[in-house]
Amino acid sequence: MIEGFTSAANWAALLTGEGIIVLLSLSVLEVILGIDNIIFISIVSSKLPKSQQARARYLGLTLALVMRVALLSVISWIAGLKEPWFSIGDFPVSFRDMILMAGGVFLTYKTIIEIAAKVNGNDHDSEHSPATLTFRNAIIQIVLLDIVFSFDSILTAVAVSNNLIIMVIAVIVAVGTMIFFSGVISDFINRHPTVKMLALAFLVVIGVVLMLDALHLHIDKTYIYAAMGFSFAVEMLNMRTRGMAIRKGKSK
């Protein structure tokens, strides 16, 4: 049973050693789960004029925070979404399954289109080319994925703690951290084409994982994030190697 903000026991539990550890652990976990969210927002916002990119990122992440807190306020309803609505043969389908499938298909399709554009040389750098996306359409796309990622985030929070106060604070800390670092992450991704391609590949994997989850084929995302971290570390070494080669070439 998850009690609300008026529960004295919840506030008391927050101030215990165990409560603080759970809060810190859940905050870190929420930040990790938000990586795919911020990568998608960074890539979508890069299609806007330079003057609108920061506003789109901040608005997208703020909406993500609002959605997560709103969903936490109806946590009992969220838990009920895992109950089957109908069956296809012997396969039960819940509202959560439909949301994850729709989100996975949208994310995979959108990302593959972006990869194809880059591979075919049709990608547009918004800093040097006309905008390829309106601000309104960018926010709509961000909101659609925010909804999917928010469900994933909330269900993870429920699995870690049944203290609503801890869950809300962890979500606020996580999204606040993402907002603080969003500019740096976005600039880094868009400044390095190979890192951007790696980020796009990561989003395709996340989209496929969402679809598999909708089919009740659960894959631990820890492995996905570990693989992403390893690939990123290798790319950092490659970038350093290329940079040293360029500096040596200039010094000759």
# chains A, B, ... in the order shown; residues from 1 in each chain; ligands from 1
call {"tool": "residues_around", "arguments": {"residues": "range 188-202 of chain A", "least_positions_apart": "2", "cutoff": "8 Å", "atoms": "only C-alpha atoms", "output": "list in words"}}
result
Asp36, Ile39, Ser42, Ile43, Ser46, Thr111, Ile112, Glu114, Ile115, Val184, Ile185, Ser186, Val204, Val205, Ile206, Met228, Ser231, Phe232 and Glu235 of chain A
call {"tool": "select_by_dssp", "arguments": {"residues": "range 89-196 of chain A", "states": "helix (DSSP H, G or I)", "output": "VMD selection string"}}
result
chain A and resid 95 to 119 135 to 160 164 to 191 193 to 196
call {"tool": "residues_around", "arguments": {"residues": "Asn137 in chain A", "least_positions_apart": "6", "cutoff": "12 Å", "atoms": "only C-alpha atoms", "output": "mmCIF file with C-alpha atoms, in the first residue's frame"}}
result
data_model
loop_
_atom_site.group_PDB
_atom_site.id
_atom_site.type_symbol
_atom_site.label_atom_id
_atom_site.label_comp_id
_atom_site.auth_asym_id
_atom_site.auth_seq_id
_atom_site.Cartn_x
_atom_site.Cartn_y
_atom_site.Cartn_z
ATOM 1 C CA VAL A 44 15.071 16.456 -31.653
ATOM 2 C CA SER A 45 15.974 19.950 -30.408
ATOM 3 C CA LYS A 47 16.620 20.250 -35.624
ATOM 4 C CA LEU A 48 15.467 23.649 -34.368
ATOM 5 C CA ALA A 56 12.937 23.157 -26.264
ATOM 6 C CA GLY A 60 10.739 19.080 -22.695
ATOM 7 C CA ALA A 131 15.403 24.497 -39.459
ATOM 8 C CA VAL A 143 5.923 14.957 -25.049
ATOM 9 C CA LEU A 144 4.973 11.662 -26.731
#
call {"tool": "residues_around", "arguments": {"residues": "Ala54 in chain A", "least_positions_apart": "3", "cutoff": "9 Å", "atoms": "only C-alpha atoms", "output": "mmCIF file with N, CA and C atoms, in the first residue's frame"}}
result
data_model
loop_
_atom_site.group_PDB
_atom_site.id
_atom_site.type_symbol
_atom_site.label_atom_id
_atom_site.label_comp_id
_atom_site.auth_asym_id
_atom_site.auth_seq_id
_atom_site.Cartn_x
_atom_site.Cartn_y
_atom_site.Cartn_z
ATOM 1 N N SER A 45 15.781 18.496 -30.525
ATOM 2 C CA SER A 45 15.974 19.950 -30.408
ATOM 3 C C SER A 45 17.049 20.458 -31.353
ATOM 4 N N LYS A 50 19.138 27.509 -33.602
ATOM 5 C CA LYS A 50 19.991 27.540 -32.415
ATOM 6 C C LYS A 50 19.333 28.299 -31.265
ATOM 7 N N SER A 51 18.612 29.367 -31.592
ATOM 8 C CA SER A 51 17.998 30.208 -30.564
ATOM 9 C C SER A 51 16.870 29.507 -29.812
ATOM 10 N N ARG A 57 14.710 22.086 -24.965
ATOM 11 C CA ARG A 57 15.245 21.115 -24.000
ATOM 12 C C ARG A 57 14.658 21.344 -22.618
ATOM 13 N N TYR A 58 14.677 22.589 -22.160
ATOM 14 C CA TYR A 58 14.182 22.886 -20.817
ATOM 15 C C TYR A 58 12.685 22.622 -20.714
ATOM 16 N N LEU A 59 11.933 22.998 -21.750
ATOM 17 C CA LEU A 59 10.492 22.764 -21.731
ATOM 18 C C LEU A 59 10.200 21.269 -21.771
ATOM 19 N N SER A 182 21.750 19.232 -19.374
ATOM 20 C CA SER A 182 21.199 19.008 -20.713
ATOM 21 C C SER A 182 21.944 19.777 -21.796
ATOM 22 N N GLY A 183 22.315 21.028 -21.485
ATOM 23 C CA GLY A 183 23.023 21.830 -22.480
ATOM 24 C C GLY A 183 24.370 21.244 -22.841
#
call {"tool": "select_by_dssp", "arguments": {"residues": "range 1-212 of chain A", "states": "strand (DSSP E)", "output": "list of chain:residue names"}}
result
A:Pro84, A:Trp85, A:Phe86, A:Ser87, A:Ile88, A:Phe91, A:Pro92, A:Val93, A:Ser94
call {"tool": "closest_residue", "arguments": {"among": "A:Arg55, A:Arg96, A:Lys110, A:Arg68", "to": "Leu215 in chain A", "atoms": "only C-alpha atoms"}}
result
A:Arg96
call {"tool": "closest_atom_pairs", "arguments": {"of": "range 124-241 of chain A", "to": "range 26-34 of chain A", "cutoff": "7 Å", "atoms": "only C-alpha atoms", "output": "tab-separated table"}}
result
residue	atom	partner	partner_atom	distance
A:Ser153	CA	A:Glu30	CA	6.5
A:Ala157	CA	A:Leu26	CA	6.8
A:Ala170	CA	A:Ser27	CA	4.4
A:Val171	CA	A:Glu30	CA	6.6
A:Val173	CA	A:Ser27	CA	6.3
A:Ala174	CA	A:Val31	CA	4.8
call {"tool": "residues_around", "arguments": {"residues": "Ala102 in chain A", "least_positions_apart": "2", "cutoff": "12 Å", "atoms": "only C-alpha atoms", "output": "PyMOL selection string"}}
result
chain A and resi 95-100+104-109+144-145+147-149+207-208+210-215
call {"tool": "atom_distance", "arguments": {"atom1": "CA of Asp146 in chain A", "atom2": "CA of Gly103 in chain A"}}
result
9.5 Å
call {"tool": "atom_distance", "arguments": {"atom1": "CA of Asn37 in chain A", "atom2": "CA of Ser25 in chain A"}}
result
19.2 Å
call {"tool": "atom_distance", "arguments": {"atom1": "CA of Ala245 in chain A", "atom2": "CA of Asp187 in chain A"}}
result
23.6 Å
